[in-house]
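J.: This is the structure, below, for whatever I ask next.
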Number of protein chains: 2
Amino acid sequence: MAITTIHRHQHHLGWDNRNAPLVNVAPGDRLALELMDASRGLMTPAATDATIAELDVANANPLTGPVHIDGAEPGDTLVVRILDYALSDWGWTAIIPGFGLLADDFPDAMLHLSRYDAAQVEFAPGIRLPTRPFAGTIGVAPAAPGHHSAIPPLACGGNMDVRSLVAGTTLYLPVEVPGALFSVGDGHAAQGDGELCGTAIETTLGIEVEFDLIKGETIPYPRFRAPASAWPGGGERLVTTGIGPDLYTAAQDAARYLIDRLCREQGMAPELAYCLLSVAANLRIAELVNQPQWTVACEIPLEIFT
Amino acid sequence: MAITTIHRHQHHLGWDNRNAPLVNVAPGDRLALELMDASRGLMTPAATDATIAELDVANANPLTGPVHIDGAEPGDTLVVRILDYALSDWGWTAIIPGFGLLADDFPDAMLHLSRYDAAQVEFAPGIRLPTRPFAGTIGVAPAAPGHHSAIPPLACGGNMDVRSLVAGTTLYLPVEVPGALFSVGDGHAAQGDGELCGTAIETTLGIEVEFDLIKGETIPYPRFRAPASAWPGGGERLVTTGIGPDLYTAAQDAARYLIDRLCREQGMAPELAYCLLSVAANLRIAELVNQPQWTVACEIPLEIFT
C-alpha cells in the first residue's frame with residue numbers, strides 16, 4: 001500500500017492551533033513524515049563550534065505537520081503507533097551557552113559530531129552507543145490560543161524527549177482541538193534520560209506512523225506502551241508521564257496516572273497498584289532542560305503480570 | 001575464614017557520631033551484619049492494617065552498627081563491597097497515612113504482605129517480581145553533631161533507597177568522622193525507582209560486606225558501581241547520586257559528579273563527558289519520599305566503552 005509522505009519543508013515553528021492542516025487522515029491510516037533536525041538545517045557535517053552562535057531559538061525544533069485526524073474532538077485520545085524510523089548517518093550534539101542542566105558550569109559553546117548506522121553511534125573513539133532513534137518532539141496542538149514555543153512540552157505532548165519512543169511504541173495523546181493537529185520533529189539517533197546538556201544525537205529522521213482514535217477517553221498527559229527494544233535487554237513496559245515546572249509534582253502526576261492505568265488495564269485496586277509502583281516501577285527524569293517544563297516518566301514492566 | 005557477625009539487636013536509632021562503635025575493622029576485613037526490618041520488628045506475618053497505627057517514627061529504620069574502620073579520617077572515601085545478602089522469606093509493604101508521594105490521595109492505612117524466595121517475590125496473584133535484595137539505608141555517621149533522624153538521607157549516605165545496591169555492588173561513601181562509623185539497615189527484597197508509597201518489600205536481611213579505604217580522596221555524595229544484576233537484562237553501569245531537598249538541584253549534582261568520574265576514570269574532557277551524559281545516561285529518581293531529602297541517581301552503562 002502506498003502511503004502519503006509529508007516532506008521536511010512542510011513544517012511549522014512552535015505550536016499554534018491556527019496552523020492549517022497539510023493533510024487529512026482517517027483512523028487506521030498510515031503516514032510517513034520527514035523530520036528536519038532541531039537546528040532547522042543549520043548544522044551540517046561542516047559545522048563548527050562557531051556555528052552554535054548562529055542558532056536561533058525561533059527556528060528550534062521545526063515540526064512537520066500539522067496532520068488533521070478525521071473525527072478527533074477535544075476529550076478524545078489520539079493513538080499514534082510508531083511503526084518505523086528512516087535514518088540519516090550523522091548527528092550533532094552541542095553545548096549551547098545558557099541552555100542545559102549545567103549551564104553555569106559550561107559557559108562555552110561546543111559542537112560534537114557523530115556518525116551512526118542502524119546498529120551503533122560512533123560517539124567518540126572507543127565509545128559506541130546503541131542506535132535508538134526516536135522523535136524528541138511529538139504531540140498535538142494545544143487548545144490554548146496563540147503561538148507557543150516548541151521548547152517546553154505541554155500537557156498534550158511536544159518536546160518531551162522521552163527516549164522510549166522508539167519504533168514499536170504506541171503513543172497516546174490527549175486531543176485538545178478538533179482534528180487533533182498532530183505534528184512531530186526533533187529527530188534523535190540516541191539520547192539518555194534527562195537529555196542533560198539539552199541536545200541528543202540530533203539528526204534528520206523519517207518516521208512512519210499509524211493513527212487511531214479512542215472516542216471519549218480523556219487522558220491528562222501523553223503515555224506510551226514501549227517495546228523491549230526501548231530498554232536494551234529489558235522487557236515491555238507501561239509508561240506514563242507527568243509534565244510541569246516542578247519535578248516532584250510531575251512525579252506525583254505520573255504515578256497517579258499509572259495507578260489509574262493499572263486499575264483499568266489490570267483490574268487492580270488503587271491501593272494495591274500504589275504499593276506495586278513502590279516496589280516495581282521505574283521513575284525516570286525524562287528531561288529537565290526544556291524550560292520551563294520538565295517531564296517525568298513512570299514505568300511498569302509488563303513481564304511481572306503472569 | 002570465619003568472619004565476625006553483628007547481630008540485629010546491636011542497632012541504633014538515627015545517626016549520631018557519639019554512638020560507640022561495636023567493632024573495629026581494618027581495610028580488607030569482611031563483616032556480616034544482620035538487619036532488622038524498618039519497623040524494628042513490629043511487623044510480623046500476623047500483622048494487619050491496624051498494626052500500622054502502632055508504627056513509631058522514633059523506631060523507624062534501626063541501623064546495625066556502628067562499625068569503626070581503622071585509619072578512616074574525614075576527607076577519606078570508605079569503600080564497601082556488598083558481597084552477599086542472606087534472605088528472609090516474607091516482607092511487608094504499607095501505605096502509612098501522611099507518608100509517601102501520594103499521601104493526600106491515599107489517606108488510609110494499608111498493610112500488604114508478600115512471600116518471596118531467592119528468585120521471586122509473590123506480590124499478588126499473577127504478579128511476581130524478581131527478587132533484588134538490597135539495604136535501603138546504608139552510610140556513615142555525619143560530622144554534624146547531635147542526633148539525626150534515620151528517615152532523610154544525608155550527603156554521607158543513609159536512607160537513599162537506591163535499588164541498585166544489590167550483591168556485587170561496590171559503594172563509595174564520604175568519611176566525615178574518624179573511624180567512619182558505618183551502619184546499615186532497612187532491608188528490601190525488591191523496590192522500584194522512587195519507592196513511591198514510602199515502603200518497599202520490607203524485610204529482615206543479612207548483609208556481608210568487605211571494607212576498604214581510599215585515603216585523601218574526598219567525594220561529595222555516595223556513588224556505586226553496580227553489576228548487571230541490578231538492572232535485569234542490562235549491563236554494568238557507573239552510578240552517581242545527588243541528594244538534597246530539590247530534585248532539580250539533586251539532578252545537577254548527580255550529573256556534575258558523574259562528569260567528574262568520567263573525566264577521572266575514562267580520561268574524558270568535561271565537555272565531551274557532559275555531551276555523553278546527554279545521549280547515554282539514565283537519570284532516575286531513586287527516592288522522593290524520605291522527607292525532606294530526595295535522591296537522584298545518574299547512570300552510565302560501561303558497555304559503551306569498548
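In the C-alpha cells, chains take letters A, B, ... by order of appearance, with residues numbered from 1 within each chain and ligands from 1 in the order shown.
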From stretch 79-208 of chain B, collect each residue whose DSSP state is strand (DSSP E or B) and return the set as number ranges by chain.
T.: B: 79-86, 90-95, 110-116, 120-124, 127-130, 134-140, 148, 154, 157-158, 170-174, 182-188, 194, 202, 205-208
J.: Each residue of chain B lying at most 8 Å from chain A should get a row with its shortest atom-to-atom pair and the distance in Å to one decimal, counting only C-alpha atoms; could you produce that, ordered by chain and increasing number, as a tab-separated table?
T.:
```
residue	atom	partner	partner_atom	distance
B:Thr93	CA	A:Cys275	CA	6.7
B:Ala94	CA	A:Cys275	CA	7.2
B:Ile95	CA	A:Cys275	CA	7.4
B:Leu101	CA	A:Gln252	CA	6.3
B:Leu102	CA	A:Gln252	CA	6.5
B:Phe106	CA	A:Glu271	CA	7.4
B:Met110	CA	A:Glu271	CA	7.7
B:His112	CA	A:Leu272	CA	7.9
B:Phe123	CA	A:Leu276	CA	7.9
B:Gly126	CA	A:Thr306	CA	4.9
B:Ile127	CA	A:Phe305	CA	4.9
B:Arg128	CA	A:Ile304	CA	5.2
B:Leu129	CA	A:Ile304	CA	5.7
B:Ala190	CA	A:Val279	CA	5.8
B:Gln191	CA	A:Val279	CA	3.7
B:Gly192	CA	A:Ala280	CA	4.1
B:Asp193	CA	A:Asn282	CA	4.6
B:Gly194	CA	A:Leu283	CA	6.0
B:Glu195	CA	A:Ser278	CA	4.3
B:Leu196	CA	A:Ser278	CA	4.5
B:Cys197	CA	A:Ser278	CA	5.4
B:Gly198	CA	A:Ser278	CA	7.1
B:Thr199	CA	A:Ser278	CA	6.6
B:Ala200	CA	A:Val279	CA	5.0
B:Ile201	CA	A:Val279	CA	6.4
B:Pro232	CA	A:Gly234	CA	6.7
B:Gly233	CA	A:Gly233	CA	4.4
B:Gly234	CA	A:Gly233	CA	5.4
B:Leu247	CA	A:Leu247	CA	6.4
B:Tyr248	CA	A:Leu247	CA	7.1
B:Gln252	CA	A:Leu101	CA	6.2
B:Ala255	CA	A:Leu196	CA	7.9
B:Arg256	CA	A:Leu102	CA	7.6
B:Glu271	CA	A:Phe106	CA	7.4
B:Leu272	CA	A:His112	CA	7.9
B:Tyr274	CA	A:Cys197	CA	6.5
B:Cys275	CA	A:Cys197	CA	6.1
B:Leu276	CA	A:Phe123	CA	7.9
B:Leu277	CA	A:Leu196	CA	6.4
B:Ser278	CA	A:Glu195	CA	4.3
B:Val279	CA	A:Gln191	CA	3.7
B:Ala280	CA	A:Gly192	CA	4.1
B:Ala281	CA	A:Gly192	CA	4.4
B:Asn282	CA	A:Asp193	CA	4.5
B:Leu283	CA	A:Asp193	CA	5.1
B:Arg284	CA	A:Arg284	CA	4.3
B:Ile285	CA	A:Leu283	CA	5.6
B:Ala286	CA	A:Leu283	CA	7.5
B:Leu288	CA	A:Tyr248	CA	7.6
B:Ile304	CA	A:Arg128	CA	5.2
B:Phe305	CA	A:Ile127	CA	4.9
B:Thr306	CA	A:Gly126	CA	5.0
```
J.: Quote the spacing between atom CA of A:Ile151 and atom CA of A:Pro97 in Å to one decimal place.
T.: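 Going from atom CA of A:Ile151 over to atom CA of A:Pro97, I get 15.6 Å.
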J.: Give me, as a list in words, all polymer residues having an atom no more than 6 Å from stretch 34-42 of chain A, counting only C-alpha atoms and skipping those fewer than 2 positions away in the same chain.
T.: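 These residues fall inside the cut-off: His7, Arg8, Ala60, Asn61, Gly185, Asp186, Gly187, Thr203, Thr204, Leu205 and Gly206 of chain A.
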J.: In terms of the shortest atom-to-atom distance over only C-alpha atoms, which of A:Pro107, A:Pro133, A:Pro178, A:Gly28 is closest to A:Gly91?
T.: A:Pro133
J.: Could you check the closest approach to B:Tyr85 for each of B:Pro220, B:Pro174, B:Gly168, B:Gly267 and tell me which residue wins, using only C-alpha atoms?
T.: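 Ranking B:Pro220, B:Pro174, B:Gly168, B:Gly267 by distance to B:Tyr85, first place goes to B:Gly168.
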J.: Quick one: distance from atom CA of B:Gln120 to atom CA of B:Val166 in Å, one decimal?
T.: 14.7 Å
J.: Looking at A:Ala46, A:Leu165, A:Val239, A:Ala53, which one is nearest to A:Asp260, with distances taken over only C-alpha atoms?
T.: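 Closest to A:Asp260 of all the choices is A:Val239.
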J.: List the neighbours of B:Asp117 out to 8 Å using only C-alpha atoms; skip same-chain residues closer than 5 positions along the sequence, and give me the result as a ChimeraX atom specification.
T.: /B:87-89,131
J.: Restricted to all heavy atoms, what would the selected residues look like written as an mmCIF file, in the first residue's frame?
T.:
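The result, stored in result.cif:
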```
data_model
loop_
_atom_site.group_PDB
_atom_site.id
_atom_site.type_symbol
_atom_site.label_atom_id
_atom_site.label_comp_id
_atom_site.auth_asym_id
_atom_site.auth_seq_id
_atom_site.Cartn_x
_atom_site.Cartn_y
_atom_site.Cartn_z
ATOM 1 N N LEU B 87 18.665 -14.001 52.924
ATOM 2 C CA LEU B 87 17.262 -13.626 52.767
ATOM 3 C C LEU B 87 16.378 -14.141 53.882
ATOM 4 O O LEU B 87 16.659 -15.162 54.502
ATOM 5 C CB LEU B 87 16.731 -14.184 51.433
ATOM 6 C CG LEU B 87 17.485 -13.752 50.184
ATOM 7 C CD1 LEU B 87 16.879 -14.420 48.958
ATOM 8 C CD2 LEU B 87 17.473 -12.246 50.041
ATOM 9 N N SER B 88 15.293 -13.446 54.085
ATOM 10 C CA SER B 88 14.152 -13.960 54.831
ATOM 11 C C SER B 88 13.232 -14.638 53.807
ATOM 12 O O SER B 88 13.670 -14.980 52.696
ATOM 13 C CB SER B 88 13.455 -12.781 55.521
ATOM 14 O OG SER B 88 12.191 -13.165 56.017
ATOM 15 N N ASP B 89 11.976 -14.835 54.126
ATOM 16 C CA ASP B 89 11.057 -15.412 53.140
ATOM 17 C C ASP B 89 9.735 -14.648 53.051
ATOM 18 O O ASP B 89 8.814 -15.079 52.370
ATOM 19 C CB ASP B 89 10.803 -16.894 53.415
ATOM 20 C CG ASP B 89 10.159 -17.122 54.767
ATOM 21 O OD1 ASP B 89 9.940 -16.133 55.516
ATOM 22 O OD2 ASP B 89 9.892 -18.293 55.096
ATOM 23 N N THR B 131 13.297 -11.014 42.677
ATOM 24 C CA THR B 131 13.882 -10.679 43.978
ATOM 25 C C THR B 131 15.216 -9.976 43.753
ATOM 26 O O THR B 131 16.096 -10.502 43.067
ATOM 27 C CB THR B 131 14.081 -11.962 44.813
ATOM 28 O OG1 THR B 131 12.806 -12.591 44.992
ATOM 29 C CG2 THR B 131 14.687 -11.645 46.169
#
```
J.: Compile the contact shell of A:Ala141 as a list in words: residues with an atom at most 7 Å away, counting only C-alpha atoms, same-chain residues fewer than 4 positions apart removed.
T.: Trp15, Asp16, Asn17, Glu176, Val177, Ala180, Leu181 and Phe182 of chain A
J.: Kindly export the residues of the current selection with all heavy atoms, as a PDB file, in the first residue's frame.
T.:
```pdb
ATOM      1  N   TRP A  15       3.946  25.790  18.394  1.00  0.00           N
ATOM      2  CA  TRP A  15       2.603  25.215  18.349  1.00  0.00           C
ATOM      3  C   TRP A  15       1.571  26.326  18.232  1.00  0.00           C
ATOM      4  O   TRP A  15       1.658  27.333  18.917  1.00  0.00           O
ATOM      5  CB  TRP A  15       2.325  24.399  19.623  1.00  0.00           C
ATOM      6  CG  TRP A  15       3.197  23.205  19.792  1.00  0.00           C
ATOM      7  CD1 TRP A  15       4.334  23.127  20.532  1.00  0.00           C
ATOM      8  CD2 TRP A  15       3.009  21.918  19.204  1.00  0.00           C
ATOM      9  NE1 TRP A  15       4.874  21.867  20.436  1.00  0.00           N
ATOM     10  CE2 TRP A  15       4.074  21.105  19.631  1.00  0.00           C
ATOM     11  CE3 TRP A  15       2.040  21.369  18.352  1.00  0.00           C
ATOM     12  CZ2 TRP A  15       4.211  19.776  19.244  1.00  0.00           C
ATOM     13  CZ3 TRP A  15       2.172  20.038  17.970  1.00  0.00           C
ATOM     14  CH2 TRP A  15       3.242  19.270  18.413  1.00  0.00           C
ATOM     15  N   ASP A  16       0.582  26.122  17.390  1.00  0.00           N
ATOM     16  CA  ASP A  16      -0.473  27.121  17.217  1.00  0.00           C
ATOM     17  C   ASP A  16      -1.650  26.415  16.559  1.00  0.00           C
ATOM     18  O   ASP A  16      -1.519  25.869  15.456  1.00  0.00           O
ATOM     19  CB  ASP A  16       0.029  28.277  16.340  1.00  0.00           C
ATOM     20  CG  ASP A  16      -0.920  29.478  16.365  1.00  0.00           C
ATOM     21  OD1 ASP A  16      -2.154  29.275  16.475  1.00  0.00           O
ATOM     22  OD2 ASP A  16      -0.420  30.607  16.272  1.00  0.00           O
ATOM     23  N   ASN A  17      -2.801  26.418  17.234  1.00  0.00           N
ATOM     24  CA  ASN A  17      -3.940  25.670  16.680  1.00  0.00           C
ATOM     25  C   ASN A  17      -4.571  26.361  15.473  1.00  0.00           C
ATOM     26  O   ASN A  17      -5.519  25.831  14.882  1.00  0.00           O
ATOM     27  CB  ASN A  17      -4.983  25.340  17.765  1.00  0.00           C
ATOM     28  CG  ASN A  17      -5.586  26.569  18.402  1.00  0.00           C
ATOM     29  OD1 ASN A  17      -5.758  27.600  17.733  1.00  0.00           O
ATOM     30  ND2 ASN A  17      -5.916  26.466  19.685  1.00  0.00           N
ATOM     31  N   GLU A 176      -6.921  18.096  22.093  1.00  0.00           N
ATOM     32  CA  GLU A 176      -7.424  19.353  22.679  1.00  0.00           C
ATOM     33  C   GLU A 176      -8.196  20.209  21.690  1.00  0.00           C
ATOM     34  O   GLU A 176      -8.919  21.120  22.102  1.00  0.00           O
ATOM     35  CB  GLU A 176      -6.257  20.167  23.263  1.00  0.00           C
ATOM     36  CG  GLU A 176      -5.572  19.483  24.443  1.00  0.00           C
ATOM     37  CD  GLU A 176      -4.708  20.433  25.272  1.00  0.00           C
ATOM     38  OE1 GLU A 176      -4.693  21.645  24.981  1.00  0.00           O
ATOM     39  OE2 GLU A 176      -4.045  19.934  26.196  1.00  0.00           O
ATOM     40  N   VAL A 177      -8.004  19.940  20.375  1.00  0.00           N
ATOM     41  CA  VAL A 177      -8.714  20.757  19.372  1.00  0.00           C
ATOM     42  C   VAL A 177      -9.299  19.821  18.306  1.00  0.00           C
ATOM     43  O   VAL A 177      -8.813  18.702  18.111  1.00  0.00           O
ATOM     44  CB  VAL A 177      -7.776  21.791  18.707  1.00  0.00           C
ATOM     45  CG1 VAL A 177      -7.193  22.753  19.751  1.00  0.00           C
ATOM     46  CG2 VAL A 177      -6.659  21.109  17.923  1.00  0.00           C
ATOM     47  N   ALA A 180      -7.318  17.206  16.098  1.00  0.00           N
ATOM     48  CA  ALA A 180      -6.104  16.900  16.877  1.00  0.00           C
ATOM     49  C   ALA A 180      -4.911  17.768  16.452  1.00  0.00           C
ATOM     50  O   ALA A 180      -4.209  18.306  17.267  1.00  0.00           O
ATOM     51  CB  ALA A 180      -5.741  15.419  16.835  1.00  0.00           C
ATOM     52  N   LEU A 181      -4.630  17.853  15.140  1.00  0.00           N
ATOM     53  CA  LEU A 181      -3.500  18.629  14.612  1.00  0.00           C
ATOM     54  C   LEU A 181      -2.169  18.095  15.148  1.00  0.00           C
ATOM     55  O   LEU A 181      -1.451  18.767  15.903  1.00  0.00           O
ATOM     56  CB  LEU A 181      -3.681  20.121  14.875  1.00  0.00           C
ATOM     57  CG  LEU A 181      -4.947  20.744  14.251  1.00  0.00           C
ATOM     58  CD1 LEU A 181      -5.000  22.242  14.540  1.00  0.00           C
ATOM     59  CD2 LEU A 181      -5.034  20.454  12.762  1.00  0.00           C
ATOM     60  N   PHE A 182      -1.852  16.901  14.690  1.00  0.00           N
ATOM     61  CA  PHE A 182      -0.627  16.199  15.088  1.00  0.00           C
ATOM     62  C   PHE A 182       0.587  16.743  14.339  1.00  0.00           C
ATOM     63  O   PHE A 182       0.527  16.975  13.115  1.00  0.00           O
ATOM     64  CB  PHE A 182      -0.810  14.711  14.765  1.00  0.00           C
ATOM     65  CG  PHE A 182       0.440  13.890  14.899  1.00  0.00           C
ATOM     66  CD1 PHE A 182       0.796  13.349  16.122  1.00  0.00           C
ATOM     67  CD2 PHE A 182       1.256  13.654  13.794  1.00  0.00           C
ATOM     68  CE1 PHE A 182       1.948  12.578  16.255  1.00  0.00           C
ATOM     69  CE2 PHE A 182       2.402  12.875  13.912  1.00  0.00           C
ATOM     70  CZ  PHE A 182       2.749  12.341  15.137  1.00  0.00           C
TER      71      PHE A 182
END
```
J.: Going by DSSP on the backbone, which bits of stretch 37-263 of chain A are helix (DSSP H, G or I)? Write them as a PyMOL selection string, please.
T.: chain A and resi 49-54+57-59+228-230+247-263
J.: If I take atom CA of A:Val80 and atom CA of A:Ala135, how far is one from the other in Å, to one decimal?
T.: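 Those two atoms sit 12.3 Å apart.
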